[in-house]
Every structure is written in structure tokens, then in C-alpha cells.
>>> print(open('input-v3.cif').read())   # mmCIF, C-alpha atoms
data_data
loop_
_atom_site.label_atom_id
_atom_site.label_comp_id
_atom_site.auth_asym_id
_atom_site.auth_seq_id
_atom_site.Cartn_x
_atom_site.Cartn_y
_atom_site.Cartn_z
CA MET F 212 19.14 -50.42 57.45
CA SER F 213 18.86 -47.81 54.73
CA PRO F 214 20.59 -48.46 51.43
CA PRO F 215 23.87 -46.63 50.96
CA PHE F 216 23.57 -43.28 49.19
CA ARG F 217 24.41 -43.69 45.51
CA ARG F 218 25.86 -40.76 43.57
CA ALA F 219 24.52 -40.44 40.03
CA ASP F 220 26.83 -41.32 37.19
CA PRO F 221 28.64 -38.03 36.17
CA ALA F 222 28.31 -38.91 32.48
CA ALA F 223 24.57 -39.39 32.88
CA GLN F 224 24.34 -36.03 34.68
CA ARG F 225 26.13 -34.30 31.80
CA ARG F 226 23.79 -35.92 29.28
CA SER F 227 20.82 -34.84 31.30
CA ARG F 228 22.14 -31.25 31.55
CA ARG F 229 22.77 -31.14 27.78
CA ARG F 230 19.25 -32.38 27.14
CA LEU F 231 17.86 -29.63 29.39
CA TRP F 232 19.88 -26.94 27.61
CA PHE F 233 18.73 -28.26 24.25
CA ILE F 234 15.08 -28.01 25.32
CA VAL F 235 15.58 -24.47 26.64
CA LEU F 236 17.28 -23.47 23.36
CA LEU F 237 14.47 -25.02 21.34
CA VAL F 238 11.83 -23.10 23.30
CA VAL F 239 13.74 -19.83 22.82
CA VAL F 240 14.09 -20.41 19.05
CA ILE F 241 10.39 -21.25 18.67
CA ALA F 242 9.39 -18.16 20.68
CA ALA F 243 11.69 -15.94 18.60
CA CYS F 244 10.30 -17.34 15.34
CA GLY F 245 6.78 -16.75 16.58
CA MET F 246 7.52 -13.12 17.53
CA CYS F 247 9.29 -12.53 14.22
CA TYR F 248 6.31 -13.91 12.27
CA ALA F 249 3.82 -11.91 14.32
CA SER F 250 5.73 -8.67 13.69
CA ARG F 251 5.67 -9.36 9.92
CA VAL F 252 1.92 -9.83 9.72
CA ARG F 253 0.88 -7.14 12.21
CA ARG F 254 -0.26 -3.98 10.45
CA PRO F 255 -0.36 -0.57 12.09
CA ALA F 256 -3.81 0.96 12.20
CA GLY F 257 -3.66 4.07 10.06
CA GLU F 258 -5.88 6.21 7.99
CA ASN F 259 -7.18 4.20 5.07
CA SER F 260 -4.71 1.46 5.81
CA ALA F 261 -5.77 -2.03 4.94
CA ILE F 262 -5.59 -3.93 8.21
CA VAL F 263 -5.46 -7.58 7.39
CA GLN F 264 -4.20 -10.62 9.20
CA PRO F 265 -3.61 -13.75 7.17
CA SER F 266 -5.88 -16.60 8.14
CA ALA F 267 -4.55 -19.43 10.24
CA ALA F 268 -4.90 -21.68 7.21
CA THR F 269 -2.47 -19.62 5.12
CA ALA F 270 -0.03 -18.58 7.82
CA PRO F 271 2.28 -21.63 7.89
CA ASP F 272 2.55 -21.69 4.10
CA ARG F 273 3.22 -17.95 3.96
CA ALA F 274 6.76 -18.42 5.24
CA THR F 275 7.67 -20.22 2.02
CA TYR F 276 6.90 -17.19 -0.16
CA ALA F 277 7.29 -14.28 2.28
CA GLN F 278 10.21 -12.91 0.24
CA PHE F 279 7.78 -12.05 -2.56
CA LEU F 280 5.52 -10.00 -0.28
CA PRO F 281 6.04 -6.38 0.77
CA ASP F 282 7.06 -5.55 4.32
CA SER F 283 3.73 -4.94 6.00
CA SER F 284 5.17 -2.37 8.38
CA ARG F 285 6.39 -0.22 5.50
CA THR F 286 3.62 -1.04 3.06
CA PRO F 287 0.36 -1.89 4.80
CA GLY F 288 -1.69 -0.69 1.83
CA ALA F 289 -3.76 2.48 1.56
CA THR F 290 -6.83 3.43 -0.39
CA LEU F 291 -8.53 6.49 -1.79
CA PRO F 292 -12.05 7.37 -0.66
CA VAL F 293 -13.56 6.02 -3.86
CA THR F 294 -16.44 3.68 -4.57
CA THR F 295 -17.05 0.73 -6.86
CA ALA F 296 -18.93 3.10 -9.18
CA ASP F 297 -15.82 5.29 -9.40
CA ILE F 298 -13.33 2.55 -10.19
CA CYS F 299 -15.51 0.68 -12.67
CA VAL F 300 -15.61 3.60 -15.09
CA ARG F 301 -13.40 3.14 -18.14
CA GLY F 302 -10.31 5.29 -17.79
CA TYR F 303 -10.51 5.52 -14.01
CA ALA F 304 -6.78 4.93 -13.45
CA GLY F 305 -5.98 7.77 -15.86
CA LYS F 306 -7.75 10.17 -13.51
CA VAL F 307 -5.26 9.43 -10.77
CA ARG F 308 -2.09 11.49 -10.70
CA ASP F 309 1.13 9.69 -11.60
CA VAL F 310 3.35 8.84 -8.64
CA PRO F 311 5.91 11.67 -8.31
CA SER F 312 9.54 10.65 -8.79
CA SER F 313 10.35 11.79 -5.27
CA VAL F 314 7.81 9.35 -3.83
CA LYS F 315 9.14 6.53 -6.03
CA ARG F 316 12.64 7.25 -4.74
CA GLN F 317 11.31 7.16 -1.20
CA ALA F 318 9.84 3.70 -1.86
CA TYR F 319 13.21 2.37 -3.05
CA VAL F 320 15.05 3.93 -0.12
CA SER F 321 12.63 2.51 2.43
CA TYR F 322 13.41 -0.99 1.10
CA GLY F 323 17.16 -0.34 1.13
CA ILE F 324 17.51 -0.40 -2.66
CA ARG F 325 20.19 2.10 -3.59
CA THR F 326 20.68 1.18 -7.22
CA HIS F 327 18.81 -0.94 -9.70
CA ARG F 328 18.78 -1.73 -13.37
CA ALA F 329 16.11 -0.41 -15.70
CA HIS F 330 13.05 -2.67 -15.70
CA GLN F 331 14.31 -4.61 -12.68
CA TYR F 332 11.55 -3.31 -10.43
CA GLU F 333 8.20 -1.65 -10.64
CA VAL F 334 7.11 0.73 -7.90
CA ASP F 335 3.92 -1.20 -7.42
CA HIS F 336 0.68 -0.12 -5.81
CA LEU F 337 0.05 -2.92 -3.30
CA ILE F 338 -3.66 -2.19 -3.60
CA SER F 339 -3.77 -1.41 -7.30
CA LEU F 340 -5.14 1.89 -8.55
CA GLU F 341 -7.92 -0.05 -10.29
CA LEU F 342 -9.00 -1.36 -6.88
CA GLY F 343 -9.01 2.10 -5.31
CA GLY F 344 -5.44 1.99 -4.04
CA SER F 345 -3.74 5.31 -3.43
CA ASN F 346 -0.37 6.82 -4.28
CA SER F 347 0.50 7.01 -0.60
CA ILE F 348 3.96 5.75 0.32
CA ARG F 349 2.09 3.29 2.55
CA ASN F 350 0.76 1.64 -0.60
CA LEU F 351 3.97 1.58 -2.66
CA TRP F 352 6.82 -0.93 -2.78
CA PRO F 353 9.50 -1.92 -5.25
CA GLU F 354 8.31 -5.21 -6.74
CA SER F 355 10.67 -7.26 -8.87
CA TYR F 356 9.92 -8.12 -12.48
CA GLU F 357 12.57 -10.82 -12.41
CA THR F 358 11.78 -13.14 -9.52
CA THR F 359 9.99 -16.42 -10.15
CA PRO F 360 7.40 -17.70 -9.78
CA TRP F 361 5.96 -14.56 -8.18
CA ASN F 362 6.66 -11.12 -9.61
CA ALA F 363 5.05 -7.86 -10.72
CA ARG F 364 3.61 -9.31 -13.92
CA VAL F 365 2.00 -12.18 -12.06
CA LYS F 366 0.48 -9.74 -9.58
CA ASP F 367 -0.96 -7.77 -12.52
CA ARG F 368 -3.04 -10.84 -13.41
CA LEU F 369 -4.50 -10.90 -9.91
CA GLU F 370 -5.24 -7.17 -10.04
CA ASN F 371 -7.12 -7.60 -13.32
CA GLU F 372 -9.07 -10.57 -12.00
CA LEU F 373 -10.06 -8.79 -8.78
CA HIS F 374 -11.10 -5.69 -10.73
CA ARG F 375 -13.19 -7.86 -13.06
CA ARG F 376 -14.92 -9.54 -10.14
CA VAL F 377 -15.56 -6.27 -8.30
CA CYS F 378 -17.05 -4.62 -11.38
CA ALA F 379 -19.11 -7.73 -12.16
CA GLY F 380 -20.65 -7.45 -8.70
CA GLN F 381 -19.10 -10.76 -7.63
CA LEU F 382 -16.80 -9.35 -4.95
CA PRO F 383 -17.15 -6.35 -2.62
CA LEU F 384 -14.47 -3.75 -3.25
CA GLU F 385 -13.38 -3.77 0.37
CA THR F 386 -12.93 -7.54 0.31
CA ALA F 387 -10.73 -7.30 -2.76
CA GLN F 388 -8.68 -4.52 -1.17
CA HIS F 389 -8.14 -6.50 2.02
CA ALA F 390 -7.27 -9.68 0.12
CA ILE F 391 -4.58 -8.09 -2.02
CA ALA F 392 -3.15 -6.02 0.83
CA GLY F 393 -3.04 -8.89 3.29
CA ASP F 394 -1.30 -11.52 1.17
CA TRP F 395 -1.42 -11.06 -2.58
CA ILE F 396 -0.06 -14.54 -3.26
CA ALA F 397 -2.77 -16.19 -1.18
CA ALA F 398 -5.26 -13.97 -3.00
CA TYR F 399 -3.81 -15.06 -6.35
CA ARG F 400 -4.26 -18.71 -5.44
CA ARG F 401 -7.79 -18.04 -4.28
CA TYR F 402 -9.06 -15.81 -7.07
CA VAL F 403 -6.94 -16.71 -10.11
CA GLY F 404 -7.01 -20.29 -8.97
CA ARG F 405 -3.74 -21.80 -10.09
CA GLU F 406 -0.01 -21.39 -9.66
CA PRO F 407 1.53 -18.98 -12.17
CA LEU F 408 2.79 -20.52 -15.40
CA PRO F 409 6.23 -19.54 -16.75
CA ALA F 410 4.44 -17.52 -19.44
CA ASP F 411 2.68 -15.46 -16.78
CA ALA F 412 5.99 -14.21 -15.43
CA HIS F 413 7.00 -12.42 -18.67
CA MET J 221 7.33 24.21 -7.75
CA ALA J 222 6.26 22.06 -10.69
CA ALA J 223 2.99 22.49 -12.52
CA ASN J 224 0.37 19.83 -11.95
CA ARG J 225 -0.81 19.64 -15.55
CA LYS J 226 -3.44 16.98 -14.99
CA LEU J 227 -5.23 19.03 -12.36
CA THR J 228 -4.56 22.32 -14.15
CA ASN J 229 -6.22 21.01 -17.31
CA LEU J 230 -9.31 20.09 -15.30
CA ILE J 231 -9.88 23.20 -13.20
CA ARG J 232 -8.35 26.02 -15.23
CA GLY J 233 -11.06 28.61 -15.76
CA ARG J 234 -13.26 27.43 -12.90
CA ALA J 235 -13.98 30.15 -10.36
CA VAL J 236 -13.44 29.40 -6.68
CA ALA J 237 -16.82 29.92 -5.00
CA ARG J 238 -15.63 29.27 -1.46
CA VAL J 239 -13.02 27.51 0.64
CA GLU J 240 -14.11 25.98 3.90
CA ALA J 241 -12.87 23.55 6.50
CA ALA J 242 -14.14 20.04 6.05
CA PRO J 243 -13.15 16.90 7.91
CA ASP J 244 -10.96 14.58 5.91
CA PRO J 245 -12.80 11.26 5.34
CA ALA J 246 -9.79 9.51 6.83
CA GLY J 247 -10.27 11.38 10.07
CA GLY J 248 -7.89 14.33 9.89
CA SER J 249 -8.44 17.93 9.01
CA GLY J 250 -9.23 19.02 5.50
CA ALA J 251 -10.40 21.72 3.16
CA ARG J 252 -13.29 21.80 0.74
CA VAL J 253 -12.93 24.01 -2.31
CA ALA J 254 -16.21 24.61 -4.12
CA PHE J 255 -16.12 25.88 -7.70
CA ASP J 256 -18.74 27.87 -9.56
CA ASP J 257 -19.66 24.93 -11.80
CA GLY J 258 -20.69 22.85 -8.77
CA SER J 259 -17.54 20.75 -8.69
CA VAL J 260 -15.82 20.22 -5.36
CA MET J 261 -12.19 19.56 -4.55
CA THR J 262 -11.31 18.08 -1.16
CA VAL J 263 -7.82 18.45 0.23
CA ALA J 264 -6.52 16.45 3.21
CA LEU J 265 -4.39 18.83 5.25
CA GLN J 266 -1.56 18.47 7.70
CA PRO J 267 -2.66 18.90 11.31
CA ALA J 268 -2.99 22.59 12.18
CA ALA J 269 -2.29 23.65 8.59
CA PRO J 270 -3.87 27.03 7.91
CA LEU J 271 -6.89 27.23 5.65
CA PRO J 272 -6.35 29.76 2.86
CA ALA J 273 -9.01 32.36 2.34
CA GLY J 274 -10.24 33.34 -1.06
CA GLY J 275 -13.02 33.14 -3.55
CA GLY J 276 -14.37 34.60 -6.73
CA ALA J 277 -11.27 34.41 -8.87
CA ARG J 278 -10.75 31.85 -11.61
CA VAL J 279 -8.02 29.24 -11.49
CA ARG J 280 -5.09 29.93 -13.77
CA GLY J 281 -2.95 26.94 -12.87
CA VAL J 282 -1.96 24.42 -10.21
CA ARG J 283 1.52 23.86 -8.83
CA GLN J 284 2.54 21.07 -6.53
CA ALA J 285 5.73 19.84 -4.87
CA GLY J 286 6.02 17.68 -1.81
CA THR J 287 3.22 18.69 0.53
CA SER J 288 2.71 22.13 -1.04
CA LEU J 289 -0.28 22.58 -3.32
CA THR J 290 -0.95 26.00 -4.80
CA LEU J 291 -3.86 27.12 -6.91
CA ASP J 292 -2.78 30.20 -8.86
CA LEU J 293 -5.72 32.49 -9.53
CA GLU J 294 -6.34 35.13 -12.11
CA GLY J 295 -5.42 38.55 -10.81
CA GLY J 296 -2.25 37.26 -9.18
CA SER J 297 -3.59 35.80 -5.93
CA SER J 298 -3.25 32.18 -4.94
CA LEU J 299 -4.55 29.55 -2.55
CA ALA J 300 -1.83 27.58 -0.80
CA PHE J 301 -2.43 24.30 1.02
CA ARG J 302 -0.17 22.06 3.09
CA THR J 303 -1.33 18.58 2.15
CA ARG J 304 -1.25 15.66 4.56
CA GLU J 305 1.07 13.71 2.26
CA PRO J 306 2.89 14.46 -1.00
CA THR J 307 0.24 12.26 -2.63
CA SER J 308 -3.13 10.79 -1.78
CA SER J 309 -4.53 14.07 -0.48
CA VAL J 310 -6.59 15.66 -3.26
CA LEU J 311 -9.88 14.51 -4.76
CA LEU J 312 -12.02 16.32 -7.30
CA ARG J 313 -15.63 15.47 -8.15
CA ASP J 314 -17.87 17.23 -10.62
CA ALA J 315 -21.31 18.62 -9.82
CA ARG J 316 -22.86 15.17 -10.26
CA GLY J 317 -20.35 13.58 -7.92
CA VAL J 318 -18.41 11.85 -10.68
CA LEU J 319 -14.74 11.50 -9.88
CA GLU J 320 -12.57 13.73 -12.03
CA TYR J 321 -9.20 13.54 -10.31
CA ALA J 322 -7.39 11.87 -7.42
CA ASP J 323 -3.75 12.09 -6.46
#
>>> encode(input="input-v3.cif", output="C-alpha cells")
Amino acid sequence: MSPPFRRADPAAQRRSRRRLWFIVLLVVVIAACGMCYASRVRRPAGENSAIVQPSAATAPDRATYAQFLPDSSRTPGATLPVTTADICVRGYAGKVRDVPSSVKRQAYVSYGIRTHRAHQYEVDHLISLELGGSNSIRNLWPESYETTPWNARVKDRLENELHRRVCAGQLPLETAQHAIAGDWIAAYRRYVGREPLPADAH
Amino acid sequence: MAANRKLTNLIRGRAVARVEAAPDPAGGSGARVAFDDGSVMTVALQPAAPLPAGGGARVRGVRQAGTSLTLDLEGGSSLAFRTREPTSSVLLRDARGVLEYAD
């Protein structure tokens, strides 16, 4: 004789259903986070654009300082067709035209900054002029002077160090350009070699 | 249109030897302006932008606004270019290939 059919406990069924919904929700959230991260690091292929993906080793950590990086879709980085010999001449940056005010305004607008105080931001060349970066809007972003620990003055230290290494023959120009365009904070840690000190930020 | 003093100071007095089409290193269309002293200015142009004709006259000044770049020449003529971008489109090298100007 077969055992009588036993209905499952309704409370247990509810618990089981809740658990299932929780798992589905978790999967959706993880997938959304993954897509969001991928869209931040993907760079459109464009003329002279620096196309860089952060390495797997830096990617998880990147989320902790992403607010200090430019939006890679707006500012992928762009370079001039110049060589190491060009940029390592004293006074090179002075040969490059100043960024027109209209282009600076465009950089602020593209980041949604309508007003700002004097000396609050610098319209920064993501790939610095000294590393062959261009004045293209694709290489410009408003970088704060005021955030800590990462800000425009800290990035200047990295730019100087990369320029020194390139001109000393220790680093190919293209490598330096890709490093600073891809993730300037990771590049700072790699090439300057320590976290910024409070004095570096002023 | 505002004067581009930096470029004006460099090429004022140089005579335009020829203007010819030249591919932009980044892959688009471009112009190559050769001067009588052997220097060469490359200009990245907007797609289908016309190439100005001219040669022989000396540069009197340079004006630039947005994507318009104009070389004013002695005698009243001019060379007008539609640059690919408001910036990052013009490069000038002297006869030895040394960079003189980039925008």
C-alpha cells in the first residue's frame, strides 16, 4: 500500500519561494554591476584615442577610487602625432596652443558642471601635454583640486614622473600614454610608488 | 574670428609654396601646407572639407575660431580650412622636422 500523499508545509513553501526570489535578485544585481563596470572601462576606438582596459589585477580595487577618474566614454584620452624626441625638448608644452575657452566650457558641460568656484577644478589633459596628449575634447576633463587623496596636484606628480622616465629612455612613450589614460591612479601607484601624502595634495 | 598669435608669430612672413591634400595621420583627410623655408604645416580636415588653393603669397596672420582656420596672405587673399576639431588639428614642423607648433 502506498503511503498517503503528504502536502508540503505552507510555511516551508513560502520560505523556499522567498529563497528562490532572493537568489534571482542577487543574480540580477551582480549582472547589472558587471555591465555597469564594463561600460565604465570600455573605450570607444577613435582616432588617436588611448584604448586601454585595466588589468584584472586592478579592476576590483578600481571601484574604490572610480570617482577620481574621468568618465572613459567622454574622456578616453587623445594624443598628438608627436614622438619622444619632440616631447623631450625643453619648452615643448609651450609650443602647444592653449586650450580655447570654448573647449574648456565644453569640458565642464559634458561633466554636468554648470558653475564652479575659482581654483576648484583644472581642465586637465588626461594624457598630459608633456606626454604628447592633445587639446582634443576627448582628452580633457574637469579635475578637482580639492578632493583627497587623489586630485589634480597629485596627478601632476605622476605626469612629471612619467615624463622623466620617458625622456630617460626607461619607458616607451606609448606605454606611458596608455598607463595614464587607462587608470591614472593605478599608474601613480605603479610609477610613483606610494600613496599620496597630504603634502602632495596642496 | 580671433587671431592665433602663437601661430601667427611663427609663420608670418613665410611664403606658401603649395597646398596639397595629404592623409591625416589619424586616418582622415588632411591638408599639407608647404612654406618656402621648407617648413610644413599639416591640417586635419573635416570629411569632405574643400582644400583651398593658393601659393606664392606670404602669410600676414592667422585667425582661428571653432573649426575655422584662416591664413591671411599678403595681397588680401586667404586660405581657409575647416579643421576636424576646434583643437588638435594643426601641426607645424620646420625644415629639419623639428616641431614648432601643435594645437
>>> resolve_selection(input="input-v3.cif", expression="the PyMOL selection byres ((chain J and resi 287) around 9)", output="list of chain:residue names")
J:Leu265, J:Gln266, J:Gln284, J:Ala285, J:Gly286, J:Ser288, J:Leu289, J:Phe301, J:Arg302, J:Thr303, J:Arg304, J:Glu305, J:Pro306, J:Thr307
>>> closest_residue(input="input-v3.cif", among="F:Ala363, F:Leu384, F:Cys299, F:Ala379", to="chain J", atoms="all atoms listed in the file")
F:Cys299
>>> interface_residues(input="input-v3.cif", of="chain F", to="chain J", cutoff="12 Å", atoms="only C-alpha atoms", output="VMD selection string")
chain F and resid 256 to 260 289 to 315 317 340 343 to 351
>>> residues_near_point(input="input-v3.cif", point="(-9.3, 35.4, -11.4)", cutoff="9 Å", atoms="all atoms listed in the file", output="list in words")
Gly233, Ala235, Val236, Gly275, Gly276, Ala277, Arg278, Val279, Arg280, Asp292, Leu293, Glu294, Gly295, Gly296 and Ser297 of chain J
>>> resolve_selection(input="input-v3.cif", expression="the PyMOL selection byres ((chain F and resi 353) around 10)", output="list of chain:residue names")
F:Pro281, F:Lys315, F:Arg316, F:Ala318, F:Tyr319, F:Val320, F:Ser321, F:Tyr322, F:Ile324, F:Gln331, F:Tyr332, F:Glu333, F:Val334, F:Asp335, F:His336, F:Leu337, F:Leu351, F:Trp352, F:Glu354, F:Ser355, F:Tyr356, F:Ala363
>>> atom_distance(input="input-v3.cif", atom1="atom CA of F:Leu382", atom2="atom CA of F:Thr286")
23.5 Å
>>> resolve_selection(input="input-v3.cif", expression="the PyMOL selection byres ((chain J and resi 259) around 6)", output="list in words")
Phe255, Asp257, Gly258, Val260, Arg313, Asp314 and Ala315 of chain J
>>> closest_residue(input="input-v3.cif", among="F:Ala390, F:Ala329, F:Ala274, F:Leu280", to="F:Leu342", atoms="all atoms listed in the file")
F:Ala390
>>> closest_residue(input="input-v3.cif", among="J:Ala273, J:Leu291, J:Ala223, J:Val239", to="J:Ala251", atoms="all atoms listed in the file")
J:Val239
>>> atom_distance(input="input-v3.cif", atom1="atom CA of F:Arg368", atom2="atom CA of F:Asp394")
14.7 Å
>>> atom_distance(input="input-v3.cif", atom1="atom CA of F:Glu357", atom2="atom CA of F:Ile396")
16.0 Å
>>> axis_aligned_box(input="input-v3.cif", around="stretch 287-306 of chain F", padding_each_side="5 Å", output="JSON")
{"center_x": -9.3, "center_y": 4.1, "center_z": -6.7, "size_x": 29.3, "size_y": 22.1, "size_z": 32.9}
>>> closest_residue(input="input-v3.cif", among="J:Ala300, J:Ala269, J:Ala242, J:Met261", to="J:Leu230", atoms="only C-alpha atoms")
J:Met261
>>> residues_around(input="input-v3.cif", residues="F:Trp395", least_positions_apart="6", cutoff="10 Å", atoms="all atoms listed in the file", output="PyMOL selection string")
chain F and resi 279-281+337-338+361+366+369-370+388-389+401
>>> build_atoms(input="input-v3.cif", residues="stretch 312-323 of chain F", atoms="all heavy atoms", output="PDB file, in the frame of the given file")
ATOM      1  N   SER F 312       8.228  11.321  -8.870  1.00  0.00           N
ATOM      2  CA  SER F 312       9.540  10.650  -8.790  1.00  0.00           C
ATOM      3  C   SER F 312      10.074  10.634  -7.371  1.00  0.00           C
ATOM      4  O   SER F 312      10.698   9.659  -6.944  1.00  0.00           O
ATOM      5  CB  SER F 312      10.560  11.377  -9.676  1.00  0.00           C
ATOM      6  OG  SER F 312      10.063  11.522 -10.956  1.00  0.00           O
ATOM      7  N   SER F 313       9.832  11.725  -6.638  1.00  0.00           N
ATOM      8  CA  SER F 313      10.350  11.790  -5.270  1.00  0.00           C
ATOM      9  C   SER F 313       9.735  10.700  -4.393  1.00  0.00           C
ATOM     10  O   SER F 313      10.414  10.126  -3.532  1.00  0.00           O
ATOM     11  CB  SER F 313      10.050  13.167  -4.659  1.00  0.00           C
ATOM     12  OG  SER F 313       8.652  13.402  -4.673  1.00  0.00           O
ATOM     13  N   VAL F 314       8.481  10.388  -4.625  1.00  0.00           N
ATOM     14  CA  VAL F 314       7.810   9.350  -3.830  1.00  0.00           C
ATOM     15  C   VAL F 314       8.317   7.967  -4.268  1.00  0.00           C
ATOM     16  O   VAL F 314       8.508   7.078  -3.430  1.00  0.00           O
ATOM     17  CB  VAL F 314       6.277   9.467  -3.966  1.00  0.00           C
ATOM     18  CG1 VAL F 314       5.573   8.354  -3.206  1.00  0.00           C
ATOM     19  CG2 VAL F 314       5.805  10.834  -3.460  1.00  0.00           C
ATOM     20  N   LYS F 315       8.564   7.812  -5.570  1.00  0.00           N
ATOM     21  CA  LYS F 315       9.140   6.530  -6.030  1.00  0.00           C
ATOM     22  C   LYS F 315      10.513   6.309  -5.386  1.00  0.00           C
ATOM     23  O   LYS F 315      10.821   5.212  -4.926  1.00  0.00           O
ATOM     24  CB  LYS F 315       9.281   6.533  -7.555  1.00  0.00           C
ATOM     25  CG  LYS F 315       7.975   6.369  -8.300  1.00  0.00           C
ATOM     26  CD  LYS F 315       8.224   6.241  -9.785  1.00  0.00           C
ATOM     27  CE  LYS F 315       6.917   6.076 -10.524  1.00  0.00           C
ATOM     28  NZ  LYS F 315       7.092   5.984 -11.981  1.00  0.00           N
ATOM     29  N   ARG F 316      11.303   7.368  -5.359  1.00  0.00           N
ATOM     30  CA  ARG F 316      12.640   7.250  -4.740  1.00  0.00           C
ATOM     31  C   ARG F 316      12.512   6.854  -3.277  1.00  0.00           C
ATOM     32  O   ARG F 316      13.259   6.023  -2.768  1.00  0.00           O
ATOM     33  CB  ARG F 316      13.412   8.575  -4.878  1.00  0.00           C
ATOM     34  CG  ARG F 316      14.091   8.753  -6.226  1.00  0.00           C
ATOM     35  CD  ARG F 316      15.157   9.853  -6.159  1.00  0.00           C
ATOM     36  NE  ARG F 316      14.593  11.141  -5.823  1.00  0.00           N
ATOM     37  CZ  ARG F 316      14.071  11.991  -6.707  1.00  0.00           C
ATOM     38  NH1 ARG F 316      14.050  11.674  -7.977  1.00  0.00           N
ATOM     39  NH2 ARG F 316      13.579  13.159  -6.319  1.00  0.00           N
ATOM     40  N   GLN F 317      11.538   7.462  -2.621  1.00  0.00           N
ATOM     41  CA  GLN F 317      11.310   7.160  -1.200  1.00  0.00           C
ATOM     42  C   GLN F 317      10.973   5.680  -1.012  1.00  0.00           C
ATOM     43  O   GLN F 317      11.409   5.048  -0.044  1.00  0.00           O
ATOM     44  CB  GLN F 317      10.162   8.051  -0.699  1.00  0.00           C
ATOM     45  CG  GLN F 317      10.028   8.135   0.797  1.00  0.00           C
ATOM     46  CD  GLN F 317       8.811   8.949   1.215  1.00  0.00           C
ATOM     47  OE1 GLN F 317       8.236   9.705   0.410  1.00  0.00           O
ATOM     48  NE2 GLN F 317       8.408   8.802   2.462  1.00  0.00           N
ATOM     49  N   ALA F 318      10.212   5.126  -1.953  1.00  0.00           N
ATOM     50  CA  ALA F 318       9.840   3.700  -1.860  1.00  0.00           C
ATOM     51  C   ALA F 318      11.090   2.817  -1.972  1.00  0.00           C
ATOM     52  O   ALA F 318      11.253   1.856  -1.216  1.00  0.00           O
ATOM     53  CB  ALA F 318       8.837   3.353  -2.951  1.00  0.00           C
ATOM     54  N   TYR F 319      11.973   3.149  -2.915  1.00  0.00           N
ATOM     55  CA  TYR F 319      13.210   2.370  -3.050  1.00  0.00           C
ATOM     56  C   TYR F 319      14.062   2.481  -1.775  1.00  0.00           C
ATOM     57  O   TYR F 319      14.569   1.490  -1.266  1.00  0.00           O
ATOM     58  CB  TYR F 319      14.022   2.850  -4.257  1.00  0.00           C
ATOM     59  CG  TYR F 319      13.511   2.348  -5.589  1.00  0.00           C
ATOM     60  CD1 TYR F 319      12.954   3.214  -6.515  1.00  0.00           C
ATOM     61  CD2 TYR F 319      13.579   0.996  -5.912  1.00  0.00           C
ATOM     62  CE1 TYR F 319      12.481   2.761  -7.734  1.00  0.00           C
ATOM     63  CE2 TYR F 319      13.111   0.523  -7.129  1.00  0.00           C
ATOM     64  CZ  TYR F 319      12.567   1.415  -8.037  1.00  0.00           C
ATOM     65  OH  TYR F 319      12.095   0.948  -9.240  1.00  0.00           O
ATOM     66  N   VAL F 320      14.199   3.701  -1.303  1.00  0.00           N
ATOM     67  CA  VAL F 320      15.050   3.930  -0.120  1.00  0.00           C
ATOM     68  C   VAL F 320      14.506   3.160   1.079  1.00  0.00           C
ATOM     69  O   VAL F 320      15.263   2.537   1.831  1.00  0.00           O
ATOM     70  CB  VAL F 320      15.144   5.444   0.194  1.00  0.00           C
ATOM     71  CG1 VAL F 320      15.761   5.671   1.571  1.00  0.00           C
ATOM     72  CG2 VAL F 320      15.972   6.147  -0.870  1.00  0.00           C
ATOM     73  N   SER F 321      13.200   3.167   1.242  1.00  0.00           N
ATOM     74  CA  SER F 321      12.630   2.510   2.430  1.00  0.00           C
ATOM     75  C   SER F 321      12.866   1.000   2.397  1.00  0.00           C
ATOM     76  O   SER F 321      12.845   0.357   3.439  1.00  0.00           O
ATOM     77  CB  SER F 321      11.141   2.828   2.572  1.00  0.00           C
ATOM     78  OG  SER F 321      10.403   2.112   1.622  1.00  0.00           O
ATOM     79  N   TYR F 322      13.106   0.443   1.205  1.00  0.00           N
ATOM     80  CA  TYR F 322      13.410  -0.990   1.100  1.00  0.00           C
ATOM     81  C   TYR F 322      14.922  -1.226   0.951  1.00  0.00           C
ATOM     82  O   TYR F 322      15.340  -2.334   0.628  1.00  0.00           O
ATOM     83  CB  TYR F 322      12.639  -1.616  -0.067  1.00  0.00           C
ATOM     84  CG  TYR F 322      11.224  -1.983   0.347  1.00  0.00           C
ATOM     85  CD1 TYR F 322      10.220  -1.022   0.385  1.00  0.00           C
ATOM     86  CD2 TYR F 322      10.901  -3.274   0.749  1.00  0.00           C
ATOM     87  CE1 TYR F 322       8.940  -1.335   0.795  1.00  0.00           C
ATOM     88  CE2 TYR F 322       9.620  -3.604   1.157  1.00  0.00           C
ATOM     89  CZ  TYR F 322       8.646  -2.636   1.183  1.00  0.00           C
ATOM     90  OH  TYR F 322       7.366  -2.952   1.596  1.00  0.00           O
ATOM     91  N   GLY F 323      15.704  -0.173   1.145  1.00  0.00           N
ATOM     92  CA  GLY F 323      17.160  -0.340   1.130  1.00  0.00           C
ATOM     93  C   GLY F 323      17.745  -0.576  -0.254  1.00  0.00           C
ATOM     94  O   GLY F 323      18.860  -1.084  -0.366  1.00  0.00           O
TER      95      GLY F 323
END
